[in-house]
$ cat model_15.txt   # compact mmCIF, C-alpha atoms
# COMPACT_ATOMS: atom_id res chain seq x y z
CA MET A 1 -95.38 -131.85 72.38
CA ASN A 2 -95.34 -134.82 70.04
CA GLY A 3 -96.28 -132.57 67.14
CA LYS A 4 -93.43 -130.19 67.96
CA VAL A 5 -90.93 -133.03 68.21
CA LYS A 6 -92.11 -134.38 64.86
CA SER A 7 -91.74 -130.95 63.27
CA ILE A 8 -88.21 -130.60 64.66
CA LEU A 9 -87.22 -134.06 63.42
CA LEU A 10 -88.62 -133.47 59.92
CA ALA A 11 -86.99 -130.05 59.66
CA SER A 12 -83.67 -131.42 60.93
CA GLY A 13 -83.78 -134.29 58.45
CA ALA A 14 -84.49 -131.96 55.52
CA LEU A 15 -81.70 -129.61 56.67
CA PHE A 16 -79.29 -132.54 57.01
CA ILE A 17 -80.01 -133.75 53.48
CA GLY A 18 -79.65 -130.23 52.10
CA ILE A 19 -76.24 -129.75 53.76
CA ALA A 20 -75.11 -133.21 52.59
CA ILE A 21 -76.02 -132.37 48.98
CA ILE A 22 -74.11 -129.08 49.18
CA GLN A 23 -71.05 -130.90 50.57
CA ASN A 24 -71.19 -133.67 47.96
CA PRO A 25 -72.57 -132.07 44.78
CA LYS A 26 -70.86 -134.40 42.30
CA GLU A 27 -71.94 -137.59 44.08
CA ALA A 28 -75.48 -136.24 44.43
CA LEU A 29 -75.55 -135.42 40.71
CA ASP A 30 -74.30 -138.90 39.77
CA ALA A 31 -76.92 -140.54 41.99
CA SER A 32 -79.62 -138.30 40.54
CA GLN A 33 -78.58 -139.20 36.99
CA ARG A 34 -78.64 -142.87 37.89
CA GLY A 35 -82.17 -142.54 39.26
CA ILE A 36 -83.53 -140.57 36.34
CA GLY A 37 -81.85 -142.97 33.91
CA LEU A 38 -83.71 -145.89 35.48
CA TRP A 39 -87.00 -143.98 35.30
CA TRP A 40 -86.39 -142.65 31.76
CA GLU A 41 -85.36 -145.98 30.21
CA ILE A 42 -87.28 -148.63 32.14
CA VAL A 43 -89.89 -147.46 34.65
CA PHE A 44 -91.88 -144.98 32.53
CA PRO A 45 -92.16 -147.00 29.29
CA SER A 46 -92.88 -150.25 31.13
CA LEU A 47 -95.56 -148.88 33.49
CA LEU A 48 -97.39 -146.31 31.35
CA PRO A 49 -99.23 -148.80 29.07
CA PHE A 50 -100.49 -150.72 32.11
CA PHE A 51 -101.64 -147.56 33.86
CA ILE A 52 -103.54 -146.24 30.82
CA THR A 53 -105.11 -149.62 30.12
CA ALA A 54 -106.21 -150.00 33.74
CA GLU A 55 -107.82 -146.54 33.77
CA VAL A 56 -109.78 -147.32 30.59
CA LEU A 57 -110.87 -150.77 31.80
CA ILE A 58 -112.13 -149.31 35.08
CA ALA A 59 -114.06 -146.57 33.27
CA PHE A 60 -115.73 -149.03 30.88
CA GLY A 61 -116.75 -151.41 33.68
CA VAL A 62 -114.51 -154.28 32.56
CA VAL A 63 -112.87 -154.47 35.98
CA ARG A 64 -116.30 -154.64 37.57
CA PHE A 65 -117.21 -157.43 35.13
CA PHE A 66 -114.22 -159.59 36.08
CA GLY A 67 -114.75 -158.67 39.70
CA VAL A 68 -118.18 -160.28 39.73
CA LEU A 69 -116.82 -163.40 38.00
CA CYS A 70 -113.86 -163.74 40.39
CA GLU A 71 -115.84 -163.05 43.57
CA PRO A 72 -116.42 -166.77 44.37
CA PHE A 73 -112.69 -167.48 44.84
CA MET A 74 -111.25 -164.07 45.80
CA ARG A 75 -113.59 -163.77 48.79
CA PRO A 76 -112.75 -167.17 50.37
CA LEU A 77 -109.01 -166.83 49.70
CA PHE A 78 -108.26 -163.18 50.49
CA ASN A 79 -111.56 -161.82 51.85
CA VAL A 80 -111.64 -159.10 49.17
CA PRO A 81 -114.08 -158.49 46.28
CA GLY A 82 -113.53 -160.12 42.93
CA ALA A 83 -112.23 -156.83 41.50
CA GLY A 84 -109.12 -157.51 43.56
CA SER A 85 -108.15 -160.21 41.06
CA PHE A 86 -107.59 -157.52 38.43
CA VAL A 87 -105.43 -155.50 40.84
CA TRP A 88 -103.47 -158.62 41.81
CA ALA A 89 -102.79 -159.61 38.19
CA MET A 90 -101.86 -156.08 37.07
CA GLY A 91 -99.65 -155.65 40.12
CA MET A 92 -97.63 -158.74 39.19
CA ALA A 93 -97.47 -157.91 35.49
CA SER A 94 -96.52 -154.23 35.70
CA GLY A 95 -94.80 -154.05 39.10
CA TYR A 96 -95.00 -151.65 41.98
CA PRO A 97 -96.65 -149.29 42.71
CA SER A 98 -99.38 -150.44 40.29
CA GLY A 99 -101.20 -152.38 42.99
CA ALA A 100 -101.46 -149.30 45.20
CA LYS A 101 -102.61 -147.07 42.35
CA LEU A 102 -105.33 -149.49 41.22
CA THR A 103 -106.46 -150.17 44.78
CA ALA A 104 -106.77 -146.43 45.40
CA ARG A 105 -108.69 -146.10 42.14
CA LEU A 106 -111.17 -148.82 43.12
CA ARG A 107 -111.59 -147.20 46.53
CA GLN A 108 -112.29 -143.82 44.92
CA GLU A 109 -114.86 -145.55 42.71
CA LYS A 110 -116.35 -147.07 45.91
CA GLN A 111 -116.06 -150.57 44.46
CA ILE A 112 -114.30 -151.75 47.65
CA SER A 113 -114.52 -150.75 51.30
CA LYS A 114 -111.73 -149.20 53.34
CA ILE A 115 -110.80 -152.45 55.12
CA GLU A 116 -110.94 -154.40 51.87
CA ALA A 117 -108.66 -151.83 50.24
CA GLU A 118 -106.17 -152.15 53.09
CA ARG A 119 -106.17 -155.92 52.72
CA LEU A 120 -105.81 -155.65 48.96
CA VAL A 121 -102.94 -153.16 48.92
CA SER A 122 -100.94 -155.32 51.34
CA PHE A 123 -100.39 -158.15 48.81
CA THR A 124 -100.87 -156.67 45.33
CA ASN A 125 -97.64 -154.65 45.13
CA ALA A 126 -94.99 -156.84 43.55
CA SER A 127 -92.00 -156.50 41.30
CA ASN A 128 -92.55 -157.16 37.61
CA PRO A 129 -90.89 -160.14 35.86
CA LEU A 130 -88.71 -157.83 33.73
CA PHE A 131 -86.98 -156.41 36.81
CA ILE A 132 -86.60 -159.77 38.56
CA ILE A 133 -85.36 -161.83 35.63
CA ALA A 134 -83.67 -159.28 33.37
CA ALA A 135 -82.29 -156.65 35.74
CA ILE A 136 -81.41 -158.75 38.79
CA SER A 137 -80.88 -162.30 37.53
CA ILE A 138 -79.19 -161.49 34.22
CA GLY A 139 -77.88 -158.01 34.93
CA PHE A 140 -76.41 -158.62 38.41
CA PHE A 141 -76.04 -162.38 38.82
CA HIS A 142 -75.56 -163.22 35.10
CA ASP A 143 -77.80 -166.25 35.38
CA GLU A 144 -81.28 -166.40 33.83
CA GLN A 145 -82.16 -169.64 35.61
CA LEU A 146 -81.89 -167.81 38.92
CA GLY A 147 -84.75 -165.55 37.85
CA ILE A 148 -87.21 -168.45 38.03
CA LEU A 149 -86.32 -169.08 41.67
CA LEU A 150 -86.55 -165.38 42.55
CA ALA A 151 -89.89 -164.97 40.76
CA VAL A 152 -91.47 -168.04 42.38
CA CYS A 153 -90.32 -166.98 45.86
CA HIS A 154 -91.50 -163.40 45.27
CA TYR A 155 -94.97 -164.12 43.89
CA LEU A 156 -95.67 -167.12 46.11
CA GLY A 157 -94.60 -165.05 49.13
CA ASN A 158 -97.10 -162.38 48.12
CA PHE A 159 -99.80 -165.05 47.91
CA PHE A 160 -99.09 -166.10 51.51
CA VAL A 161 -99.25 -162.45 52.58
CA GLY A 162 -102.73 -162.25 51.07
CA ILE A 163 -103.79 -165.37 52.97
CA CYS A 164 -102.53 -163.89 56.25
CA MET A 165 -104.03 -160.45 55.67
CA ARG A 166 -107.48 -161.90 54.97
CA PHE A 167 -107.95 -161.99 58.75
CA TYR A 168 -107.17 -158.29 59.09
CA GLY A 169 -110.36 -156.48 60.13
CA LYS A 170 -112.36 -159.66 59.55
CA GLN A 171 -114.83 -158.94 62.37
CA GLU A 172 -116.02 -155.82 60.56
CA TYR A 173 -117.12 -157.71 57.45
CA SER A 174 -118.19 -161.11 58.68
CA HIS A 175 -121.68 -160.46 57.28
CA GLN A 176 -120.61 -160.41 53.61
CA ILE A 177 -123.09 -162.02 51.25
CA LYS A 178 -121.76 -165.09 49.43
CA ARG A 179 -121.86 -164.66 45.67
CA THR A 180 -122.08 -167.36 43.04
CA PHE A 181 -120.62 -167.37 39.54
CA SER A 182 -122.96 -165.45 37.22
CA ILE A 183 -122.07 -164.15 33.75
CA LYS A 184 -125.45 -162.42 33.46
CA ARG A 185 -124.89 -160.43 36.66
CA ALA A 186 -121.33 -159.62 35.52
CA PHE A 187 -122.57 -158.11 32.25
CA GLN A 188 -125.26 -156.20 34.12
CA GLU A 189 -122.68 -154.69 36.48
CA LEU A 190 -120.45 -153.80 33.50
CA HIS A 191 -123.32 -151.98 31.77
CA GLU A 192 -124.34 -150.08 34.90
CA THR A 193 -120.75 -149.00 35.59
CA ARG A 194 -120.28 -147.77 32.03
CA MET A 195 -123.56 -145.84 32.07
CA LYS A 196 -122.60 -144.05 35.30
CA ASP A 197 -119.54 -142.56 33.58
CA GLN A 198 -120.92 -139.89 31.23
CA ARG A 199 -117.55 -138.90 29.75
CA PRO A 200 -117.05 -139.46 26.00
CA PHE A 201 -114.33 -141.86 24.87
CA GLY A 202 -111.89 -139.07 23.99
CA LYS A 203 -112.23 -137.56 27.46
CA ILE A 204 -111.75 -140.94 29.13
CA LEU A 205 -108.63 -141.65 27.09
CA GLY A 206 -107.23 -138.17 27.70
CA ASP A 207 -107.85 -138.42 31.45
CA SER A 208 -106.21 -141.84 31.48
CA VAL A 209 -103.07 -140.53 29.78
CA THR A 210 -102.71 -137.40 31.94
CA ASN A 211 -103.45 -139.22 35.23
CA SER A 212 -100.97 -141.96 34.38
CA ILE A 213 -98.25 -139.48 33.39
CA GLN A 214 -98.77 -137.46 36.57
CA THR A 215 -98.44 -140.61 38.68
CA LEU A 216 -95.28 -141.64 36.84
CA MET A 217 -93.79 -138.17 37.28
CA MET A 218 -94.33 -138.57 41.01
CA ILE A 219 -92.73 -142.02 40.92
CA GLY A 220 -89.74 -140.62 39.04
CA GLY A 221 -89.27 -137.94 41.67
CA PHE A 222 -89.20 -140.50 44.47
CA ILE A 223 -86.73 -142.69 42.59
CA ILE A 224 -84.34 -139.76 42.13
CA VAL A 225 -84.69 -138.50 45.72
CA PHE A 226 -84.06 -141.89 47.33
CA SER A 227 -81.22 -142.63 44.95
CA VAL A 228 -79.52 -139.44 46.16
CA ILE A 229 -80.33 -140.08 49.84
CA ASN A 230 -79.00 -143.63 49.64
CA ARG A 231 -75.76 -142.44 48.07
CA LEU A 232 -75.29 -139.65 50.63
CA LEU A 233 -75.86 -141.98 53.57
CA LEU A 234 -73.26 -144.33 52.13
CA LEU A 235 -70.73 -141.51 51.64
CA MET A 236 -71.22 -140.19 55.17
CA ASP A 237 -70.69 -143.68 56.68
CA ILE A 238 -74.21 -143.74 58.13
CA THR A 239 -75.23 -146.84 56.19
CA PRO A 240 -72.20 -148.85 57.44
CA LEU A 241 -73.00 -147.69 60.99
CA ILE A 242 -76.57 -148.96 60.71
CA GLY A 243 -75.25 -152.13 59.09
CA GLN A 244 -73.23 -152.93 62.19
CA LEU A 245 -76.47 -153.19 64.15
CA PHE A 246 -77.64 -155.96 61.82
CA GLN A 247 -74.45 -158.00 62.01
CA SER A 248 -75.46 -159.59 65.32
CA ILE A 249 -78.89 -160.42 63.87
CA PHE A 250 -77.31 -161.91 60.76
CA SER A 251 -74.97 -164.06 62.87
CA ILE A 252 -78.00 -165.66 64.55
CA PHE A 253 -79.27 -166.83 61.15
CA GLY A 254 -75.82 -167.85 59.93
CA LEU A 255 -75.46 -164.99 57.44
CA PRO A 256 -72.03 -163.35 56.97
CA ASP A 257 -71.30 -159.76 58.00
CA VAL A 258 -70.55 -158.74 54.40
CA LEU A 259 -74.28 -158.85 53.65
CA SER A 260 -75.24 -156.24 56.26
CA LEU A 261 -74.24 -153.23 54.15
CA PRO A 262 -76.05 -154.40 50.97
CA PHE A 263 -79.07 -155.27 53.13
CA ILE A 264 -79.30 -151.75 54.54
CA ALA A 265 -78.84 -150.27 51.06
CA GLY A 266 -81.62 -152.53 49.78
CA LEU A 267 -83.99 -151.37 52.50
CA PHE A 268 -83.70 -147.91 50.96
CA GLU A 269 -83.49 -148.78 47.25
CA ILE A 270 -83.93 -152.25 45.76
CA THR A 271 -81.69 -151.94 42.71
CA LEU A 272 -78.60 -150.81 44.59
CA GLY A 273 -79.14 -153.36 47.35
CA ALA A 274 -79.45 -156.24 44.87
CA GLN A 275 -76.37 -155.09 42.96
CA MET A 276 -74.25 -154.77 46.11
CA THR A 277 -75.46 -158.17 47.31
CA SER A 278 -74.41 -159.85 44.06
CA GLU A 279 -70.89 -158.42 44.47
CA THR A 280 -70.26 -159.83 47.96
CA THR A 281 -68.24 -162.95 48.82
CA ALA A 282 -71.22 -164.68 50.46
CA THR A 283 -72.54 -167.95 49.05
CA LEU A 284 -75.18 -167.77 46.34
CA LEU A 285 -77.91 -169.08 48.65
CA GLN A 286 -77.11 -166.42 51.25
CA GLN A 287 -77.19 -163.73 48.56
CA ILE A 288 -80.55 -164.97 47.27
CA ILE A 289 -82.06 -164.91 50.77
CA ILE A 290 -81.12 -161.24 51.15
CA VAL A 291 -82.33 -160.31 47.65
CA CYS A 292 -85.67 -162.06 48.24
CA PHE A 293 -86.22 -160.13 51.46
CA VAL A 294 -85.30 -156.81 49.83
CA LEU A 295 -87.65 -157.50 46.89
CA GLY A 296 -90.48 -158.37 49.27
CA PHE A 297 -89.86 -155.35 51.50
CA ASN A 298 -90.03 -153.11 48.38
CA GLY A 299 -87.54 -150.59 49.73
CA LEU A 300 -88.37 -147.25 51.33
CA SER A 301 -88.33 -145.64 47.89
CA VAL A 302 -91.27 -147.74 46.68
CA GLN A 303 -93.00 -147.48 50.06
CA ALA A 304 -92.84 -143.68 49.83
CA GLN A 305 -94.46 -143.88 46.39
CA VAL A 306 -97.24 -146.08 47.79
CA ALA A 307 -97.74 -143.77 50.79
CA SER A 308 -98.12 -140.81 48.43
CA ILE A 309 -100.74 -142.65 46.37
CA LEU A 310 -102.68 -143.86 49.42
CA ALA A 311 -102.67 -140.36 50.92
CA GLU A 312 -105.30 -139.39 48.32
CA THR A 313 -107.72 -141.86 49.92
CA ASP A 314 -108.69 -143.02 53.42
CA ILE A 315 -106.56 -146.18 53.08
CA ARG A 316 -104.08 -146.52 55.94
CA PHE A 317 -100.42 -147.20 55.23
CA PHE A 318 -99.69 -149.56 58.15
CA PRO A 319 -101.36 -152.71 56.67
CA TYR A 320 -99.24 -152.28 53.55
CA PHE A 321 -96.07 -151.87 55.64
CA LEU A 322 -96.94 -154.96 57.68
CA GLY A 323 -97.48 -156.87 54.46
CA ARG A 324 -94.02 -155.85 53.23
CA ILE A 325 -92.35 -157.28 56.32
CA LEU A 326 -94.34 -160.51 56.00
CA HIS A 327 -93.54 -160.69 52.29
CA GLY A 328 -89.82 -160.33 52.93
CA ILE A 329 -89.89 -163.09 55.57
CA PHE A 330 -91.98 -165.47 53.45
CA ALA A 331 -89.85 -164.91 50.33
CA SER A 332 -86.61 -165.53 52.25
CA LEU A 333 -87.96 -168.75 53.78
CA LEU A 334 -89.16 -169.92 50.38
CA ALA A 335 -85.71 -169.21 48.92
CA LEU A 336 -84.16 -171.40 51.59
CA ILE A 337 -86.64 -174.20 50.89
CA LEU A 338 -86.79 -174.00 47.07
CA PHE A 339 -83.14 -173.22 46.28
CA ASN A 340 -82.17 -176.84 45.62
CA PRO A 341 -85.27 -178.09 43.75
CA LEU A 342 -85.78 -174.97 41.60
CA TYR A 343 -82.19 -173.92 40.99
CA ALA A 344 -79.29 -176.10 42.17
CA ASP A 345 -80.72 -179.42 40.95
CA VAL A 346 -82.04 -177.92 37.69
CA LYS A 347 -78.76 -176.10 37.07
CA GLN A 348 -76.78 -179.28 37.54
CA THR A 349 -79.08 -181.17 35.18
CA THR A 350 -79.28 -178.57 32.39
CA SER A 351 -75.79 -177.09 32.48
CA GLY A 352 -73.65 -180.21 32.71
CA ASP A 353 -70.13 -179.44 31.57
CA VAL A 354 -71.10 -176.35 29.54
CA PRO A 355 -68.81 -173.42 30.42
CA VAL A 356 -70.46 -170.69 32.47
CA THR A 357 -69.52 -168.01 29.91
CA ASP A 358 -71.40 -169.85 27.18
CA TYR A 359 -74.46 -170.11 29.41
CA VAL A 360 -74.39 -166.46 30.36
CA ASN A 361 -73.91 -165.21 26.82
CA ALA A 362 -76.70 -167.36 25.40
CA PRO A 363 -79.58 -165.43 23.83
CA SER A 364 -82.27 -164.61 26.39
CA PHE A 365 -85.85 -163.47 25.91
CA TRP A 366 -85.73 -161.27 29.00
CA SER A 367 -82.34 -159.78 28.17
CA GLU A 368 -83.67 -158.82 24.74
CA ILE A 369 -86.67 -157.13 26.37
CA LEU A 370 -84.37 -155.23 28.73
CA HIS A 371 -82.21 -154.17 25.77
CA TYR A 372 -85.34 -153.06 23.90
CA PHE A 373 -86.43 -150.82 26.78
CA GLN A 374 -82.95 -149.36 27.20
CA HIS A 375 -82.77 -148.58 23.48
CA TYR A 376 -86.31 -147.36 22.74
CA GLY A 377 -87.52 -146.47 26.25
CA PRO A 378 -86.32 -142.83 26.16
CA VAL A 379 -88.10 -142.24 22.82
CA PHE A 380 -91.32 -143.71 24.24
CA THR A 381 -91.01 -141.60 27.40
CA LEU A 382 -90.38 -138.36 25.51
CA THR A 383 -93.24 -139.01 23.09
CA PHE A 384 -95.85 -139.53 25.80
CA LEU A 385 -94.56 -136.63 27.87
CA LEU A 386 -95.18 -134.41 24.84
CA ILE A 387 -98.63 -135.93 24.36
CA GLY A 388 -99.46 -135.27 28.00
CA VAL A 389 -98.29 -131.65 27.72
CA LEU A 390 -100.40 -131.14 24.58
CA ILE A 391 -103.51 -132.61 26.24
CA MET A 392 -103.13 -130.40 29.32
CA PHE A 393 -102.39 -127.32 27.19
CA ASN A 394 -105.48 -127.96 25.06
CA ARG A 395 -107.67 -128.34 28.16
CA SER A 396 -106.33 -125.18 29.76
CA ARG A 397 -106.93 -123.26 26.53
CA ASN A 398 -110.50 -124.58 26.24
CA GLY A 399 -111.11 -123.80 29.89
$ encode --input "model_15.txt" --output "structure tokens"
Amino acid sequence: MNGKVKSILLASGALFIGIAIIQNPKEALDASQRGIGLWWEIVFPSLLPFFITAEVLIAFGVVRFFGVLCEPFMRPLFNVPGAGSFVWAMGMASGYPSGAKLTARLRQEKQISKIEAERLVSFTNASNPLFIIAAISIGFFHDEQLGILLAVCHYLGNFFVGICMRFYGKQEYSHQIKRTFSIKRAFQELHETRMKDQRPFGKILGDSVTNSIQTLMMIGGFIIVFSVINRLLLLMDITPLIGQLFQSIFSIFGLPDVLSLPFIAGLFEITLGAQMTSETTATLLQQIIIVCFVLGFNGLSVQAQVASILAETDIRFFPYFLGRILHGIFASLLALILFNPLYADVKQTTSGDVPVTDYVNAPSFWSEILHYFQHYGPVFTLTFLLIGVLIMFNRSRNG
């Protein structure tokens, strides 16, 4: 019976979305163009180098090398192998869903256990600094200094999630052997890992490019789909209806009703939620609390991407979802605590009597990076798509 109900619900949902697209073709097209523009200009060119590099480093045993070196502190802190340090660092540098992809890769390589992978994926999916500082802080709030507060709350919140999730499934691995720092053992593990992979360098590089492009194509599809769904729900007044349910919850925490609609939009798609939040009449602190939660929750769009990646392994999705809720709560609490020392006090000290327009229009490192991606990102994306097509065509011809 449960299976039949699930089938009916899924079929009804797909039918509802299909009818909504037919009724609102122009709005669906605009939302689709917005999603593909984000993927074409920013997501693909910013993530592809990290994905390719990670694939090569795993194949050559470098990740295993750093894993052995980092085991002494990763195990006590997060109860995961040292290789998790590489996933954690890459997840922060390149953004979601890199943490999920690398965790799944390590699990497929059997470098981590199932429980360790579930712990690891729960705190290694984070937003990259480019999105936090350039897109949100400068693009939406027009204040680079705000990016420091958002980044600290976001990454520190993820750290606390890792501390909490270390107790997940702990009874199953209480017998882990304590490792000490050993460069000799690290090099030995690197050599053994490299020798196990018999592929030549050209094959490794080609596989890295094609696997990364296929993953990014999947990510692009999810971005477009959820961009359209979010827009349709807003047009059909379903998002405002759901937002009314959160107004009573917001009133308990002293948050205004105007933030309920951006909050619901952010639960589906981070970018739209952050933009709508920045345009409300709420105070800046209240806006930052909502944005921090939305960033930590990742949005259903990113969660769908992670679920698709994890489906290729035996890693369960629930620990990741639990980590997203914890991350949102931790980041919001940190925003409330750190708003004055990291932003308000610093802003008052550094800005003085300088007009806001002069501060906003000042040259910014992150704004220049964002402009670079917007200008050259499409060229980069098109080039590597062609390379991927050529590699796959050559393999099919040889086969």
$ closest_residue --input "model_15.txt" --among "A:Ile8, A:Ile136, A:Val306, A:Leu130" --to "Ile42 in chain A" --atoms "only C-alpha atoms"
A:Leu130
$ atom_distance --input "model_15.txt" --atom1 "CA of Ala134 in chain A" --atom2 "CA of Phe222 in chain A"
22.5 Å
$ axis_aligned_box --input "model_15.txt" --around "range 127-131 of chain A" --padding-each-side "3 Å" --output "AutoDock Vina command-line options"
--center_x -89.8 --center_y -158.3 --center_z 37.5 --size_x 11.6 --size_y 9.7 --size_z 13.6
$ residues_around --input "model_15.txt" --residues "range 318-320 of chain A" --least-positions-apart "3" --cutoff "8 Å" --atoms "all atoms listed in the file" --output "list in words"
Glu118, Arg119, Val121, Ser122, Phe123, Gly323 and Arg324 of chain A
$ atom_distance --input "model_15.txt" --atom1 "CA of Asn394 in chain A" --atom2 "CA of Leu382 in chain A"
18.3 Å
$ closest_atom_pairs --input "model_15.txt" --of "range 44-122 of chain A" --to "range 187-203 of chain A" --cutoff "12 Å" --atoms "only C-alpha atoms" --output "JSON lines"
{"residue": "A:Glu55", "atom": "CA", "partner": "A:Lys203", "partner_atom": "CA", "distance": 11.8}
{"residue": "A:Val56", "atom": "CA", "partner": "A:Phe201", "partner_atom": "CA", "distance": 9.1}
{"residue": "A:Leu57", "atom": "CA", "partner": "A:Arg194", "partner_atom": "CA", "distance": 9.9}
{"residue": "A:Ile58", "atom": "CA", "partner": "A:Thr193", "partner_atom": "CA", "distance": 8.6}
{"residue": "A:Ala59", "atom": "CA", "partner": "A:Arg194", "partner_atom": "CA", "distance": 6.5}
{"residue": "A:Phe60", "atom": "CA", "partner": "A:Arg194", "partner_atom": "CA", "distance": 4.9}
{"residue": "A:Gly61", "atom": "CA", "partner": "A:Leu190", "partner_atom": "CA", "distance": 4.4}
{"residue": "A:Val62", "atom": "CA", "partner": "A:Leu190", "partner_atom": "CA", "distance": 6.0}
{"residue": "A:Val63", "atom": "CA", "partner": "A:Leu190", "partner_atom": "CA", "distance": 8.0}
{"residue": "A:Arg64", "atom": "CA", "partner": "A:Leu190", "partner_atom": "CA", "distance": 5.9}
{"residue": "A:Phe65", "atom": "CA", "partner": "A:Leu190", "partner_atom": "CA", "distance": 5.1}
{"residue": "A:Phe66", "atom": "CA", "partner": "A:Leu190", "partner_atom": "CA", "distance": 8.9}
{"residue": "A:Gly67", "atom": "CA", "partner": "A:Glu189", "partner_atom": "CA", "distance": 9.4}
{"residue": "A:Val68", "atom": "CA", "partner": "A:Glu189", "partner_atom": "CA", "distance": 7.9}
{"residue": "A:Leu69", "atom": "CA", "partner": "A:Phe187", "partner_atom": "CA", "distance": 9.7}
{"residue": "A:Ala83", "atom": "CA", "partner": "A:Glu189", "partner_atom": "CA", "distance": 11.8}
{"residue": "A:Glu109", "atom": "CA", "partner": "A:Thr193", "partner_atom": "CA", "distance": 9.9}
{"residue": "A:Lys110", "atom": "CA", "partner": "A:Thr193", "partner_atom": "CA", "distance": 11.4}
{"residue": "A:Gln111", "atom": "CA", "partner": "A:Thr193", "partner_atom": "CA", "distance": 10.2}
$ closest_residue --input "model_15.txt" --among "A:Gln374, A:Ser227, A:Asn24, A:Thr271" --to "Ile36 in chain A" --atoms "all atoms listed in the file"
A:Ser227
$ residues_around --input "model_15.txt" --residues "Ser137 in chain A" --least-positions-apart "2" --cutoff "10 Å" --atoms "only C-alpha atoms" --output "PyMOL selection string"
chain A and resi 130-135+139-151+274+278+366-367
$ residues_around --input "model_15.txt" --residues "range 162-168 of chain A" --least-positions-apart "2" --cutoff "7 Å" --atoms "all atoms listed in the file" --output "MDAnalysis selection string"
chainID A and resid 77:79 119 123 158:160 170
$ residues_around --input "model_15.txt" --residues "Ile309 in chain A" --least-positions-apart "2" --cutoff "8 Å" --atoms "only C-alpha atoms" --output "ChimeraX atom specification"
/A:100-101,104,305-307,311-313
